[in-house]
Amino acid sequence: MKSDLEQAKTLLEENNYTCVLCKDGQTYTSTERGVKPLIAFAESGQDFKDFSAADKIVGKAAALLYVLLGVHTVFAQVTSEDGSYTLARHGITPLCDTSVKEIRNRADTGMCPMEEAVKEITDPKEGLYALKKRLEQMMTKHGKF
């Protein structure tokens, strides 16, 4: 039988998921990009304590949300230095295929806007508030995100 982390990684790699959470046969998945699925999980009222997670990209923004969720391990295909540091600082084991200095925006012209929103934030609840605010601003400006 696969461990929760192995199951999450397998599901991430074999399907078109952007993030997967697994624990004791319970599985939650998403195909939404960015931090939107993590915000939805954080606000769902569901208990994700001690889940293992697999994700495509984890920067500081996602890391703060994983801290709120209470997962114990996060694997990412790509993790930023701040993302790994944030997870480890909160007792979450960070694992990755590739580590990068920072998560860039989709046009690769600068830092990801979600990362910018939490750059100076260390409290996960403040991070959630800042990320929701940034998403609202982006949706207002671009019509959708």
# chains A, B, ... in the order shown; residues from 1 in each chain; ligands from 1
$ residues_around --residues "region 89-92 of chain A" --least-positions-apart "5" --cutoff "8 Å" --atoms "only C-alpha atoms" --output "ChimeraX atom specification"
/A:67,71-74
$ write_last_selection --atoms "N, CA and C atoms" --output "PDB file, in the first residue's frame"
ATOM      1  N   VAL A  67       0.361  25.753   5.566  1.00  0.00           N
ATOM      2  CA  VAL A  67       0.496  25.866   7.019  1.00  0.00           C
ATOM      3  C   VAL A  67      -0.894  25.987   7.652  1.00  0.00           C
ATOM      4  N   VAL A  71      -1.190  20.510   6.989  1.00  0.00           N
ATOM      5  CA  VAL A  71      -0.582  19.312   6.396  1.00  0.00           C
ATOM      6  C   VAL A  71       0.779  19.059   7.042  1.00  0.00           C
ATOM      7  N   HIS A  72       1.298  17.832   6.909  1.00  0.00           N
ATOM      8  CA  HIS A  72       2.599  17.568   7.532  1.00  0.00           C
ATOM      9  C   HIS A  72       3.725  17.430   6.522  1.00  0.00           C
ATOM     10  N   THR A  73       3.390  17.179   5.253  1.00  0.00           N
ATOM     11  CA  THR A  73       4.405  17.058   4.211  1.00  0.00           C
ATOM     12  C   THR A  73       3.873  17.674   2.932  1.00  0.00           C
ATOM     13  N   VAL A  74       4.744  18.409   2.218  1.00  0.00           N
ATOM     14  CA  VAL A  74       4.371  18.973   0.917  1.00  0.00           C
ATOM     15  C   VAL A  74       5.463  18.640  -0.089  1.00  0.00           C
TER      16      VAL A  74
END
$ select_by_dssp --residues "chain A" --states "alpha helix (DSSP H)" --output "MDAnalysis selection string"
chainID A and resid 4:14 36:43 60:69 81:89 113:117 124:142
$ closest_residue --among "A:Asp4, A:Asp50, A:Glu102, A:Asp108" --to "Thr27 (chain A)" --atoms "only C-alpha atoms"
A:Asp4
$ residues_around --residues "Leu64 (chain A)" --least-positions-apart "3" --cutoff "8 Å" --atoms "only C-alpha atoms" --output "ChimeraX atom specification"
/A:60-61,67-68,86-87,122-124,127-128
$ residues_around --residues "Pro37 (chain A)" --least-positions-apart "3" --cutoff "12 Å" --atoms "only C-alpha atoms" --output "PyMOL selection string"
chain A and resi 17-21+28-34+40-44+55+62+65-66+69+132
$ select_by_dssp --residues "chain A" --states "strand (DSSP E)" --output "number ranges by chain"
A: 19-23, 26-30, 52-58, 73-80, 93-100
$ atom_distance --atom1 "CA of Tyr85 (chain A)" --atom2 "CA of Ala63 (chain A)"
8.8 Å
$ closest_residue --among "A:Cys112, A:Val58, A:Asn15, A:Ser3" --to "Leu95 (chain A)" --atoms "only C-alpha atoms"
A:Val58
